[in-house]
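Colleague: Have a peek at start32.cif (mmCIF, C-alpha atoms and all ligand atoms).
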data_upload
#
loop_
_atom_site.label_atom_id
_atom_site.label_comp_id
_atom_site.auth_asym_id
_atom_site.auth_seq_id
_atom_site.Cartn_x
_atom_site.Cartn_y
_atom_site.Cartn_z
CA MET X 1 8.81 0.74 -26.54
CA LYS X 2 10.43 3.51 -24.63
CA PHE X 3 8.20 6.19 -26.19
CA HIS X 4 4.46 6.05 -26.62
CA THR X 5 1.95 8.32 -28.29
CA ILE X 6 -1.07 7.79 -26.11
CA THR X 7 -4.55 9.19 -25.61
CA LEU X 8 -5.41 10.24 -22.08
CA ASN X 9 -8.86 11.28 -20.96
CA ILE X 10 -8.24 14.40 -18.95
CA ASN X 11 -10.97 16.61 -17.56
CA GLY X 12 -13.44 15.06 -19.99
CA ASN X 13 -11.29 15.58 -23.11
CA ASN X 14 -9.19 13.08 -25.00
CA ARG X 15 -5.67 14.44 -25.19
CA VAL X 16 -2.97 12.92 -27.36
CA VAL X 17 0.49 13.09 -25.88
CA THR X 18 3.88 11.51 -26.51
CA VAL X 19 5.56 10.30 -23.35
CA ARG X 20 8.51 8.19 -22.26
CA SER X 21 7.54 5.00 -20.45
CA ALA X 22 9.45 6.49 -17.55
CA ASP X 23 7.43 9.73 -17.37
CA THR X 24 5.13 10.08 -14.42
CA LEU X 25 1.57 11.25 -14.91
CA LEU X 26 2.50 14.40 -12.99
CA TYR X 27 5.28 15.18 -15.43
CA ALA X 28 3.04 14.54 -18.45
CA LEU X 29 0.28 16.75 -17.07
CA ARG X 30 2.56 19.64 -16.26
CA GLY X 31 5.33 19.36 -18.84
CA LYS X 32 3.45 18.02 -21.84
CA LEU X 33 -0.11 19.22 -21.42
CA GLY X 34 0.39 22.55 -19.68
CA LEU X 35 -1.80 21.53 -16.75
CA THR X 36 0.31 23.02 -14.01
CA GLY X 37 -2.38 22.93 -11.31
CA SER X 38 -1.10 19.62 -9.96
CA LYS X 39 1.95 20.57 -7.94
CA PRO X 40 5.31 18.82 -7.65
CA GLY X 41 6.30 18.59 -4.00
CA CYS X 42 8.25 15.63 -2.72
CA LEU X 43 7.88 13.57 -5.95
CA ASN X 44 7.99 10.62 -3.59
CA GLY X 45 4.36 9.97 -2.72
CA ASP X 46 4.58 11.66 0.66
CA CYS X 47 3.10 15.16 0.41
CA GLY X 48 -0.03 14.85 -1.76
CA ALA X 49 0.53 18.15 -3.62
CA CYS X 50 0.29 16.28 -6.93
CA THR X 51 -3.05 14.56 -6.15
CA VAL X 52 -5.50 14.16 -9.03
CA ASN X 53 -8.72 12.20 -9.29
CA LEU X 54 -8.54 8.91 -11.19
CA ASP X 55 -11.85 7.20 -11.95
CA GLY X 56 -13.29 8.93 -8.90
CA TRP X 57 -10.48 8.09 -6.49
CA PRO X 58 -7.54 10.20 -5.34
CA MET X 59 -4.20 9.38 -6.91
CA LYS X 60 -0.77 10.86 -6.34
CA SER X 61 0.24 11.62 -9.89
CA CYS X 62 3.94 11.41 -9.01
CA LEU X 63 3.40 7.73 -8.09
CA MET X 64 1.93 6.79 -11.43
CA LEU X 65 3.41 6.42 -14.89
CA ALA X 66 1.57 8.36 -17.58
CA VAL X 67 1.15 5.13 -19.57
CA GLU X 68 -0.71 3.57 -16.65
CA ALA X 69 -3.44 6.21 -17.03
CA ILE X 70 -4.52 4.94 -20.45
CA GLY X 71 -8.22 4.08 -20.31
CA LYS X 72 -8.80 5.94 -17.03
CA LYS X 73 -10.63 9.20 -16.43
CA VAL X 74 -8.23 11.74 -15.00
CA THR X 75 -9.53 14.90 -13.35
CA THR X 76 -7.09 17.60 -12.32
CA ILE X 77 -7.79 20.76 -10.37
CA GLU X 78 -8.31 22.53 -13.74
CA GLY X 79 -11.25 20.18 -14.34
CA LEU X 80 -13.16 21.29 -11.27
CA GLN X 81 -15.43 24.18 -12.09
CA ASN X 82 -16.79 25.76 -8.93
CA ALA X 83 -17.06 22.48 -7.12
CA PRO X 84 -18.57 23.00 -3.64
CA ILE X 85 -15.25 22.12 -1.98
CA GLN X 86 -13.51 24.98 -3.82
CA GLN X 87 -15.97 27.53 -2.46
CA ALA X 88 -15.71 25.93 0.98
CA PHE X 89 -11.91 26.38 0.96
CA VAL X 90 -12.39 30.09 0.30
CA GLU X 91 -15.07 30.52 2.94
CA ASN X 92 -13.13 28.64 5.59
CA PHE X 93 -9.71 30.22 4.91
CA ALA X 94 -8.42 26.71 4.24
CA PHE X 95 -5.19 27.86 2.61
CA GLN X 96 -2.42 30.40 2.99
CA CYS X 97 0.36 30.13 0.39
CA GLY X 98 -1.87 27.76 -1.58
CA TYR X 99 0.80 25.37 -2.79
CA CYS X 100 -0.80 22.30 -1.23
CA THR X 101 -4.33 23.42 -2.10
CA PRO X 102 -4.92 21.72 -5.49
CA GLY X 103 -3.84 18.40 -4.00
CA PHE X 104 -5.97 18.87 -0.90
CA ILE X 105 -8.98 19.90 -2.96
CA MET X 106 -8.71 16.89 -5.27
CA ASN X 107 -8.45 14.56 -2.28
CA CYS X 108 -11.36 16.24 -0.45
CA HIS X 109 -13.45 16.23 -3.63
CA SER X 110 -12.86 12.48 -4.06
CA LEU X 111 -13.74 11.86 -0.42
CA ILE X 112 -17.02 13.76 -0.75
CA GLU X 113 -17.88 11.76 -3.88
CA GLN X 114 -16.94 8.35 -2.48
CA HIS X 115 -18.09 8.75 1.09
CA PRO X 116 -20.78 11.45 1.34
CA ASP X 117 -21.45 10.22 4.89
CA ALA X 118 -17.79 10.23 5.99
CA ASP X 119 -17.33 10.41 9.77
CA ASP X 120 -14.46 12.10 11.61
CA GLU X 121 -12.30 9.00 11.46
CA LYS X 122 -12.75 8.62 7.70
CA ILE X 123 -12.01 12.31 7.11
CA LYS X 124 -8.84 12.04 9.15
CA GLU X 125 -7.77 8.85 7.38
CA TRP X 126 -8.14 10.46 3.95
CA LEU X 127 -6.66 13.84 4.78
CA GLU X 128 -3.55 12.32 6.33
CA SER X 129 -2.40 11.75 2.74
CA ASN X 130 -1.68 15.47 2.26
CA ILE X 131 0.72 17.82 3.97
CA CYS X 132 0.36 21.58 4.43
CA ARG X 133 3.17 23.67 5.83
CA CYS X 134 1.06 26.78 6.43
CA THR X 135 -2.36 26.10 7.87
CA GLY X 136 -3.23 24.23 11.03
CA TYR X 137 -5.43 21.73 9.12
CA ALA X 138 -8.47 22.70 11.22
CA GLU X 139 -9.68 25.07 8.50
CA ILE X 140 -9.34 22.34 5.88
CA GLU X 141 -11.29 19.93 8.04
CA ARG X 142 -13.99 22.59 8.53
CA ALA X 143 -14.20 23.12 4.76
CA VAL X 144 -14.73 19.39 4.09
CA LYS X 145 -17.28 19.07 6.86
CA SER X 146 -19.22 22.09 5.62
CA VAL X 147 -19.70 20.43 2.22
CA LEU X 148 -20.53 17.01 3.70
CA LYS X 149 -23.12 18.67 5.95
CA LYS X 150 -24.70 20.60 3.08
CA ASN X 151 -24.96 17.44 1.00
CA ARG X 152 -26.55 15.43 3.76
CA VAL X 153 -30.25 14.81 3.29
CA PRO X 154 -31.92 15.95 6.52
CA MET R 155 9.93 11.05 -13.85
CA LEU R 156 12.63 8.43 -13.84
CA PRO R 157 16.19 9.15 -14.97
CA PHE R 158 16.47 6.01 -17.11
CA ASP R 159 14.43 4.66 -19.99
CA PHE R 160 12.59 1.37 -20.12
CA ASP R 161 10.20 -0.48 -22.37
CA TYR R 162 6.66 -0.84 -21.06
CA TYR R 163 4.54 -3.93 -21.69
CA LYS R 164 1.06 -4.73 -20.44
CA PRO R 165 0.31 -8.40 -21.12
CA GLU R 166 -3.24 -9.69 -20.67
CA THR R 167 -2.53 -13.31 -19.81
CA LEU R 168 -0.30 -15.10 -17.34
CA LYS R 169 1.42 -16.99 -20.13
CA GLU R 170 2.14 -13.85 -22.10
CA ALA R 171 3.69 -12.23 -19.01
CA VAL R 172 5.88 -15.22 -18.19
CA ASP R 173 6.99 -15.74 -21.82
CA LEU R 174 7.77 -12.06 -22.19
CA PHE R 175 9.93 -12.06 -19.08
CA GLN R 176 11.86 -15.09 -20.29
CA TYR R 177 12.30 -13.66 -23.75
CA LEU R 178 13.56 -10.31 -22.47
CA ASP R 179 15.81 -12.02 -19.97
CA GLN R 180 17.36 -14.16 -22.69
CA GLN R 181 17.93 -11.03 -24.78
CA GLY R 182 20.10 -9.66 -22.00
CA ASN R 183 17.49 -7.22 -20.69
CA GLN R 184 16.65 -6.64 -17.05
CA PRO R 185 12.89 -7.11 -17.01
CA MET R 186 10.80 -6.41 -13.92
CA PHE R 187 7.23 -7.37 -13.08
CA PHE R 188 5.31 -4.24 -12.13
CA SER R 189 2.09 -4.02 -10.16
CA GLY R 190 1.48 -0.80 -8.20
CA GLY R 191 5.00 0.22 -9.16
CA THR R 192 5.44 2.70 -6.33
CA GLU R 193 8.75 1.21 -5.30
CA LEU R 194 10.25 1.39 -8.78
CA ILE R 195 8.96 4.94 -9.22
CA THR R 196 10.24 6.26 -5.89
CA LEU R 197 13.50 4.29 -5.66
CA GLY R 198 14.23 4.55 -9.39
CA ARG R 199 14.12 8.33 -9.09
CA ILE R 200 17.10 8.23 -6.74
CA ASP R 201 18.93 5.44 -8.59
CA LEU R 202 18.18 2.73 -6.04
CA ALA R 203 16.14 0.61 -8.47
CA TYR R 204 16.60 -0.09 -12.15
CA THR R 205 14.96 -1.94 -14.99
CA ASP R 206 15.00 -1.61 -18.76
CA ALA R 207 11.72 -3.43 -19.31
CA VAL R 208 8.58 -3.08 -17.20
CA ILE R 209 5.99 -5.85 -17.42
CA ASP R 210 2.81 -4.39 -15.93
CA ILE R 211 0.65 -7.29 -14.71
CA LYS R 212 -2.44 -5.26 -13.74
CA ASP R 213 -4.43 -6.27 -16.85
CA ILE R 214 -4.19 -9.99 -16.12
CA ALA R 215 -7.63 -11.20 -14.98
CA GLU R 216 -6.33 -13.78 -12.46
CA SER R 217 -4.31 -11.15 -10.65
CA LYS R 218 -7.37 -8.94 -10.07
CA VAL R 219 -9.62 -11.58 -8.53
CA MET R 220 -11.44 -10.93 -5.27
CA LYS R 221 -13.86 -13.73 -4.52
CA VAL R 222 -14.96 -16.36 -2.07
CA SER R 223 -14.55 -19.80 -3.56
CA GLY R 224 -15.83 -22.62 -1.36
CA ASP R 225 -14.15 -22.22 2.00
CA HIS R 226 -11.49 -19.88 0.71
CA LEU R 227 -11.12 -16.19 0.07
CA ILE R 228 -9.06 -15.57 -3.05
CA LEU R 229 -7.29 -12.25 -3.41
CA GLY R 230 -5.38 -11.24 -6.53
CA SER R 231 -1.93 -9.74 -6.17
CA THR R 232 -2.68 -6.59 -8.15
CA LEU R 233 -5.66 -5.51 -6.03
CA SER R 234 -4.87 -2.17 -4.48
CA LEU R 235 -4.82 -1.96 -0.70
CA THR R 236 -7.75 0.47 -0.96
CA GLU R 237 -9.82 -2.04 -2.93
CA ILE R 238 -9.15 -4.63 -0.24
CA GLU R 239 -9.96 -2.17 2.52
CA GLU R 240 -13.23 -1.04 0.94
CA ALA R 241 -14.43 -4.62 0.30
CA ASN R 242 -13.39 -5.64 3.85
CA LEU R 243 -13.60 -9.40 3.23
CA PHE R 244 -10.72 -10.18 5.59
CA PRO R 245 -11.01 -7.87 8.61
CA LEU R 246 -7.50 -8.55 9.97
CA LEU R 247 -6.04 -7.73 6.54
CA THR R 248 -8.22 -4.62 6.28
CA LYS R 249 -6.91 -3.40 9.63
CA THR R 250 -3.26 -4.21 8.94
CA ALA R 251 -3.34 -2.83 5.40
CA SER R 252 -5.10 0.34 6.51
CA GLU R 253 -1.97 1.34 8.42
CA ILE R 254 0.35 1.10 5.40
CA ALA R 255 1.58 4.39 3.90
CA ASP R 256 -1.40 6.75 3.59
CA HIS R 257 -4.88 6.48 2.17
CA THR R 258 -4.16 7.96 -1.27
CA ALA R 259 -0.96 5.94 -1.70
CA ARG R 260 -2.89 2.79 -0.80
CA GLY R 261 -4.93 3.36 -3.94
CA LYS R 262 -1.74 2.65 -5.88
CA ILE R 263 0.13 0.18 -3.67
CA THR R 264 -1.00 -3.36 -4.38
CA LEU R 265 -1.21 -6.44 -2.22
CA GLY R 266 1.47 -8.33 -4.15
CA GLY R 267 3.61 -5.23 -4.48
CA ASN R 268 3.69 -4.72 -0.73
CA ILE R 269 4.41 -8.37 0.01
CA CYS R 270 7.26 -8.53 -2.54
CA ALA R 271 8.71 -5.08 -1.82
CA GLN R 272 12.25 -4.19 -0.77
CA ILE R 273 11.19 -2.15 2.28
CA PHE R 274 11.44 -3.75 5.71
CA TYR R 275 7.85 -3.43 6.73
CA ARG R 276 5.70 -5.27 4.15
CA GLU R 277 2.92 -5.50 6.73
CA ALA R 278 0.39 -6.91 4.26
CA VAL R 279 2.05 -10.32 4.54
CA LEU R 280 1.39 -10.65 8.30
CA PRO R 281 -2.30 -11.74 8.10
CA PHE R 282 -1.44 -14.39 5.49
CA LEU R 283 1.40 -15.80 7.60
CA LEU R 284 -1.00 -16.05 10.54
CA ALA R 285 -3.73 -17.68 8.46
CA ASP R 286 -1.47 -20.30 6.83
CA SER R 287 -2.65 -19.00 3.45
CA GLN R 288 -1.68 -20.58 0.16
CA VAL R 289 0.02 -18.62 -2.60
CA LEU R 290 -0.42 -19.15 -6.31
CA ILE R 291 2.77 -18.43 -8.20
CA ILE R 292 3.32 -18.51 -11.94
CA GLY R 293 6.64 -18.87 -13.67
CA PRO R 294 8.51 -20.64 -16.44
CA GLU R 295 7.66 -24.00 -14.86
CA GLY R 296 3.94 -23.20 -14.79
CA LYS R 297 1.60 -22.61 -11.88
CA LYS R 298 2.27 -23.77 -8.35
CA VAL R 299 0.33 -23.50 -5.12
CA ILE R 300 2.44 -23.41 -1.97
CA PRO R 301 1.71 -22.69 1.71
CA ILE R 302 2.97 -19.19 2.36
CA ASN R 303 4.82 -20.35 5.47
CA GLU R 304 6.93 -22.63 3.28
CA ILE R 305 7.92 -20.00 0.77
CA PHE R 306 8.09 -16.83 2.83
CA HIS R 307 11.35 -16.72 4.73
CA GLU R 308 12.25 -13.09 5.30
CA GLN R 309 10.88 -12.59 1.80
CA LEU R 310 8.76 -14.42 -0.73
CA ARG R 311 11.28 -16.81 -2.30
CA LEU R 312 10.38 -16.34 -5.93
CA LYS R 313 12.62 -17.76 -8.63
CA ARG R 314 13.68 -15.64 -11.55
CA GLY R 315 10.76 -15.06 -13.90
CA GLU R 316 8.10 -15.98 -11.31
CA PHE R 317 5.48 -13.72 -9.83
CA LEU R 318 2.75 -13.89 -7.22
CA VAL R 319 -0.75 -14.18 -8.70
CA GLN R 320 -3.13 -14.91 -5.83
CA LEU R 321 -3.42 -15.69 -2.13
CA ALA R 322 -6.03 -18.09 -0.82
CA THR R 323 -7.13 -18.00 2.81
CA ASP R 324 -9.32 -20.48 4.68
CA SER R 325 -12.46 -18.82 6.03
CA ARG R 326 -11.82 -20.34 9.49
CA PHE R 327 -9.04 -17.82 9.93
CA ILE R 328 -10.95 -14.96 8.41
CA THR R 329 -13.53 -15.08 11.16
CA ALA R 330 -11.07 -15.79 14.00
CA PRO R 331 -10.58 -13.14 16.73
CA PHE R 332 -7.66 -10.88 15.91
CA ILE R 333 -5.79 -7.75 16.81
CA SER R 334 -3.43 -5.62 14.76
CA ILE R 335 -1.45 -2.81 16.35
CA LYS R 336 0.96 -0.42 14.70
CA ARG R 337 3.24 1.67 16.89
CA ARG R 338 4.87 4.67 15.31
CA GLN R 339 7.80 6.73 16.41
CA GLN R 340 5.58 9.75 16.86
CA TRP R 341 2.02 10.88 16.22
CA ASP R 342 -0.42 8.95 14.08
CA THR R 343 1.34 9.47 10.78
CA GLY R 344 5.04 9.18 11.68
CA TYR R 345 7.26 6.49 10.32
CA PRO R 346 6.24 3.01 11.46
CA LEU R 347 8.18 1.37 14.22
CA ILE R 348 6.60 -2.00 14.88
CA THR R 349 3.41 -3.68 13.69
CA ILE R 350 2.11 -6.77 15.43
CA ALA R 351 -0.77 -8.84 14.11
CA ALA R 352 -2.27 -11.65 16.15
CA LEU R 353 -4.94 -14.24 15.57
CA LYS R 354 -6.59 -16.68 17.94
CA THR R 355 -7.56 -20.13 16.74
CA GLY R 356 -9.21 -22.17 19.47
CA GLN R 357 -7.05 -21.45 22.51
CA GLU R 358 -3.93 -20.93 20.44
CA LEU R 359 -2.47 -17.52 19.81
CA ARG R 360 -0.50 -16.73 16.67
CA VAL R 361 1.63 -13.62 16.22
CA ALA R 362 3.46 -12.06 13.29
CA ILE R 363 5.65 -8.99 13.49
CA SER R 364 6.98 -6.35 11.13
CA GLY R 365 9.43 -3.54 11.79
CA LEU R 366 11.43 -5.36 14.47
CA CYS R 367 13.85 -7.14 12.15
CA PRO R 368 14.71 -6.18 8.56
CA PHE R 369 11.93 -8.55 7.48
CA PRO R 370 8.41 -9.50 8.63
CA PHE R 371 8.16 -12.85 10.39
CA ARG R 372 5.99 -15.31 12.24
CA SER R 373 7.85 -17.49 14.71
CA LYS R 374 6.52 -20.79 16.02
CA GLU R 375 9.04 -20.62 18.90
CA VAL R 376 7.76 -17.22 20.00
CA GLU R 377 4.19 -18.48 19.76
CA SER R 378 4.85 -21.59 21.80
CA VAL R 379 6.24 -19.57 24.72
CA LEU R 380 3.40 -17.05 24.54
CA ASN R 381 0.92 -19.95 24.57
CA ASN R 382 2.49 -21.68 27.56
CA ILE R 383 -0.06 -20.93 30.26
CA GLU R 384 1.92 -22.92 32.80
CA MET R 385 4.27 -19.95 32.95
CA SER R 386 3.61 -16.55 34.49
CA LEU R 387 2.61 -13.73 32.15
CA GLU R 388 5.94 -11.97 32.68
CA ALA R 389 7.93 -15.12 32.00
CA ARG R 390 6.01 -15.76 28.78
CA VAL R 391 6.60 -12.24 27.47
CA GLN R 392 10.25 -12.31 28.52
CA GLY R 393 10.71 -15.77 27.00
CA ALA R 394 9.12 -14.63 23.73
CA ILE R 395 11.38 -11.57 23.55
CA GLU R 396 14.42 -13.81 23.91
CA LEU R 397 13.30 -15.93 20.97
CA VAL R 398 12.73 -13.25 18.34
CA PRO R 399 15.06 -13.65 15.34
CA ASP R 400 18.19 -11.60 14.67
CA PRO R 401 19.08 -8.92 13.80
CA ILE R 402 16.95 -6.30 15.55
CA LEU R 403 16.72 -3.08 13.57
CA ASP R 404 18.77 -0.31 15.09
CA ASP R 405 18.29 2.94 13.18
CA VAL R 406 17.13 6.54 13.46
CA GLU R 407 13.51 5.42 13.69
CA GLY R 408 14.30 3.47 16.84
CA SER R 409 17.24 1.80 18.56
CA ALA R 410 17.23 -1.99 18.98
CA GLU R 411 16.72 -1.53 22.72
CA TYR R 412 13.73 0.74 22.19
CA ARG R 413 12.16 -1.58 19.63
CA LEU R 414 12.40 -4.50 22.07
CA PHE R 415 10.83 -2.34 24.78
CA VAL R 416 7.95 -1.48 22.43
CA LEU R 417 7.59 -5.14 21.45
CA GLN R 418 7.40 -6.21 25.08
CA ASN R 419 4.47 -3.85 25.64
CA LEU R 420 2.85 -5.04 22.43
CA PHE R 421 3.02 -8.65 23.66
CA TYR R 422 1.28 -7.60 26.88
CA ASP R 423 -1.39 -5.76 24.85
CA VAL R 424 -1.99 -8.76 22.59
CA LEU R 425 -2.25 -11.18 25.51
CA ALA R 426 -4.58 -8.88 27.41
CA ARG R 427 -6.86 -8.47 24.42
CA LEU R 428 -6.96 -12.00 23.04
CA GLU R 429 -6.66 -14.08 26.17
CA ARG R 430 -9.75 -12.80 27.89
S1 LIG X 501 4.67 15.36 -5.20
FE1 LIG X 501 3.43 13.61 -5.30
S2 LIG X 501 3.11 13.16 -3.24
FE2 LIG X 501 4.50 14.78 -3.11
S1 LIG X 502 -1.31 26.62 2.29
FE1 LIG X 502 0.85 26.67 2.13
S2 LIG X 502 1.40 24.61 2.07
FE2 LIG X 502 -0.70 24.54 2.53
#
I need this file expressed as structure tokens, please.
Modeller:
Amino acid sequence: MKFHTITLNINGNNRVVTVRSADTLLYALRGKLGLTGSKPGCLNGDCGACTVNLDGWPMKSCLMLAVEAIGKKVTTIEGLQNAPIQQAFVENFAFQCGYCTPGFIMNCHSLIEQHPDADDEKIKEWLESNICRCTGYAEIERAVKSVLKKNRVP
Amino acid sequence: MLPFDFDYYKPETLKEAVDLFQYLDQQGNQPMFFSGGTELITLGRIDLAYTDAVIDIKDIAESKVMKVSGDHLILGSTLSLTEIEEANLFPLLTKTASEIADHTARGKITLGGNICAQIFYREAVLPFLLADSQVLIIGPEGKKVIPINEIFHEQLRLKRGEFLVQLATDSRFITAPFISIKRRQQWDTGYPLITIAALKTGQELRVAISGLCPFPFRSKEVESVLNNIEMSLEARVQGAIELVPDPILDDVEGSAEYRLFVLQNLFYDVLARLER
């Protein structure tokens, strides 16, 4: 079948959507479901602007077909409601134009969930997946570290 | 979003996948086995890859296996590089795989997908070449288990309708001393230039290289010169350089001359680290 009417679990809700087999998850989110928070950048898996959270892990939604997301829990930036990393981005001036921000936040959020004790090396390894043309990255690193520190049991 | 349409199938058994491929092939379709799918998605977008029927093999239990069975570690071809990295059951593979693409992309790129890809690098194959691993392949003729060094020549020599299901690696090699170094053109995240992976079994050194030629390789000739301790260190490195296969990549990422210069230094690094 070239077309599929599928149910995707997005931000905790089951959403029914008709997609082509050839539609990426990014395209389905933005074009079919009105969730325009995930940004198209390179569409080639390089920039990370389209990053969402898939079953707790970061995923570049331009590298995934929408049909591959059946049965998975997808969280987009719209699904984060005052997550600590969002506040930390504001407090640490971790964005300028903001285009890369949803992708960075989804990646940072996944990192904090998966590795609450992430060290510098782990933070660097994860954040290398996203590109920002405005900031110097230091602010973004500070934002992640501020949340990791707060979450750490003394 | 891809500019062409295709049918999408997600079989749950090996037999179903193989039969489906054959059926579609006989109908005049151009079926393609699909694991992480990143290559089809990125190259298809710019018309460098095409299929009209995707057979997604990620739901097939055998292809998702990650287990130690007797003396062997079995890894399924549809495991993502991140899953392999997090489990860390084969440290040399963890290290080599952790340098492929970037962390988020490695959550989508799979072991089999990287090994069978069109790109030059395909670094995930290096540890298996060094460890004389066995590959399990399924196809119209059924299952077969073959030493990877017999079926990987520049690429995994799969016949039409076959796909890679698992790789089995003897635990002797999993615990052997190793080193894996990736040199990039610039910074930590630039495009890869050369990756070298090396393993020491007893007194013998094994090396496999990606990014030097348009294919990853392990060369017995190169190894025998590097292991010849009768020769001086310089003569061994020089001798090994002279025996690497043709052609040497010569592109914007690095000229052939520069790649050989980098390789020479990598040989010295490997010998210094593993010959102590
Ligand atoms: S738009 Fe997906 S990685 Fe750039
Ligand atoms: S804030 Fe502008 S691209 Fe990152």
Colleague: Step by step, measure atom-to-atom distances between ligand LIG 502 (chain X) and each residue using only C-alpha atoms and all ligand atoms, keep those at most 12 Å, then write them as an MDAnalysis selection string.
Modeller: chainID X and resid 39:41 47:49 89:90 93:105 130:140
Colleague: Next, write the just-selected residues to a file, as a PDB file, in the frame of the given file, keeping C-alpha atoms as the atom set.
Modeller:
ATOM      1  CA  LYS X  39       1.950  20.570  -7.940  1.00  0.00           C
ATOM      2  CA  PRO X  40       5.310  18.820  -7.650  1.00  0.00           C
ATOM      3  CA  GLY X  41       6.300  18.590  -4.000  1.00  0.00           C
ATOM      4  CA  CYS X  47       3.100  15.160   0.410  1.00  0.00           C
ATOM      5  CA  GLY X  48      -0.030  14.850  -1.760  1.00  0.00           C
ATOM      6  CA  ALA X  49       0.530  18.150  -3.620  1.00  0.00           C
ATOM      7  CA  PHE X  89     -11.910  26.380   0.960  1.00  0.00           C
ATOM      8  CA  VAL X  90     -12.390  30.090   0.300  1.00  0.00           C
ATOM      9  CA  PHE X  93      -9.710  30.220   4.910  1.00  0.00           C
ATOM     10  CA  ALA X  94      -8.420  26.710   4.240  1.00  0.00           C
ATOM     11  CA  PHE X  95      -5.190  27.860   2.610  1.00  0.00           C
ATOM     12  CA  GLN X  96      -2.420  30.400   2.990  1.00  0.00           C
ATOM     13  CA  CYS X  97       0.360  30.130   0.390  1.00  0.00           C
ATOM     14  CA  GLY X  98      -1.870  27.760  -1.580  1.00  0.00           C
ATOM     15  CA  TYR X  99       0.800  25.370  -2.790  1.00  0.00           C
ATOM     16  CA  CYS X 100      -0.800  22.300  -1.230  1.00  0.00           C
ATOM     17  CA  THR X 101      -4.330  23.420  -2.100  1.00  0.00           C
ATOM     18  CA  PRO X 102      -4.920  21.720  -5.490  1.00  0.00           C
ATOM     19  CA  GLY X 103      -3.840  18.400  -4.000  1.00  0.00           C
ATOM     20  CA  PHE X 104      -5.970  18.870  -0.900  1.00  0.00           C
ATOM     21  CA  ILE X 105      -8.980  19.900  -2.960  1.00  0.00           C
ATOM     22  CA  ASN X 130      -1.680  15.470   2.260  1.00  0.00           C
ATOM     23  CA  ILE X 131       0.720  17.820   3.970  1.00  0.00           C
ATOM     24  CA  CYS X 132       0.360  21.580   4.430  1.00  0.00           C
ATOM     25  CA  ARG X 133       3.170  23.670   5.830  1.00  0.00           C
ATOM     26  CA  CYS X 134       1.060  26.780   6.430  1.00  0.00           C
ATOM     27  CA  THR X 135      -2.360  26.100   7.870  1.00  0.00           C
ATOM     28  CA  GLY X 136      -3.230  24.230  11.030  1.00  0.00           C
ATOM     29  CA  TYR X 137      -5.430  21.730   9.120  1.00  0.00           C
ATOM     30  CA  ALA X 138      -8.470  22.700  11.220  1.00  0.00           C
ATOM     31  CA  GLU X 139      -9.680  25.070   8.500  1.00  0.00           C
ATOM     32  CA  ILE X 140      -9.340  22.340   5.880  1.00  0.00           C
TER      33      ILE X 140
END
Colleague: For segment 69-86 of chain X, find every residue with an atom within 9 Å (counting all atoms listed in the file), except residues of its own chain fewer than 5 positions away, and show them as a ChimeraX atom specification.
Modeller: /X:6-12,25,29,35-38,51-56,64,91,102-103,105-106,108-109,112,143-144,146-147
Colleague: Separation of atom CA of Gly198 of chain R and atom CA of Thr258 of chain R, in Å?
Modeller: 20.4 Å
Colleague: So how far away is atom CA of Leu227 of chain R from atom CA of Ile300 of chain R, in Å?
Modeller: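 Straight-line distance from atom CA of Ile300 of chain R to atom CA of Leu227 of chain R works out to 15.5 Å.
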Colleague: Which residues of chain R sit at most 12 Å from ligand LIG 501 (chain X), using all atoms listed in the file? Give each one's shortest atom pair and distance in Å (one decimal place), in chain and ascending residue order, as CSV.
Modeller:
residue,atom,partner,partner_atom,distance
R:Met155,CA,X:LIG501,S1,11.0
R:Thr192,CA,X:LIG501,FE1,11.1
R:Ile195,CA,X:LIG501,FE1,11.0
R:Thr196,CA,X:LIG501,FE1,10.0
R:Ala255,CA,X:LIG501,S2,11.4
R:Asp256,CA,X:LIG501,S2,10.4
R:His257,CA,X:LIG501,S2,11.7
R:Thr258,CA,X:LIG501,S2,9.2
R:Ala259,CA,X:LIG501,S2,8.4
R:Lys262,CA,X:LIG501,S2,11.9
Colleague: Any idea what the distance is between atom CA of Val379 of chain R and atom CA of Ser409 of chain R?
Modeller: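 Between atom CA of Val379 of chain R and atom CA of Ser409 of chain R the gap works out to 24.8 Å.
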Colleague: Which residues of chain X come within 7 Å of chain R, and for each one, what is the closest pair of atoms and their distance in Å to one decimal, counting all atoms listed in the file, sorted by chain and residue number, as a tab-separated table?
Modeller:
residue	atom	partner	partner_atom	distance
X:Met1	CA	R:Asp161	CA	4.6
X:Lys2	CA	R:Asp161	CA	4.6
X:Ser21	CA	R:Tyr162	CA	5.9
X:Ala22	CA	R:Leu156	CA	5.3
X:Asp23	CA	R:Met155	CA	4.5
X:Thr24	CA	R:Met155	CA	4.9
X:Tyr27	CA	R:Met155	CA	6.4
X:Asn44	CA	R:Thr196	CA	5.4
X:Gly45	CA	R:Ala259	CA	6.8
X:Pro58	CA	R:Thr258	CA	5.7
X:Met59	CA	R:Thr258	CA	5.8
X:Lys60	CA	R:Thr258	CA	6.8
X:Leu63	CA	R:Thr192	CA	5.7
X:Glu125	CA	R:His257	CA	6.4
X:Trp126	CA	R:His257	CA	5.4
X:Glu128	CA	R:Asp256	CA	6.6
X:Ser129	CA	R:Asp256	CA	5.2
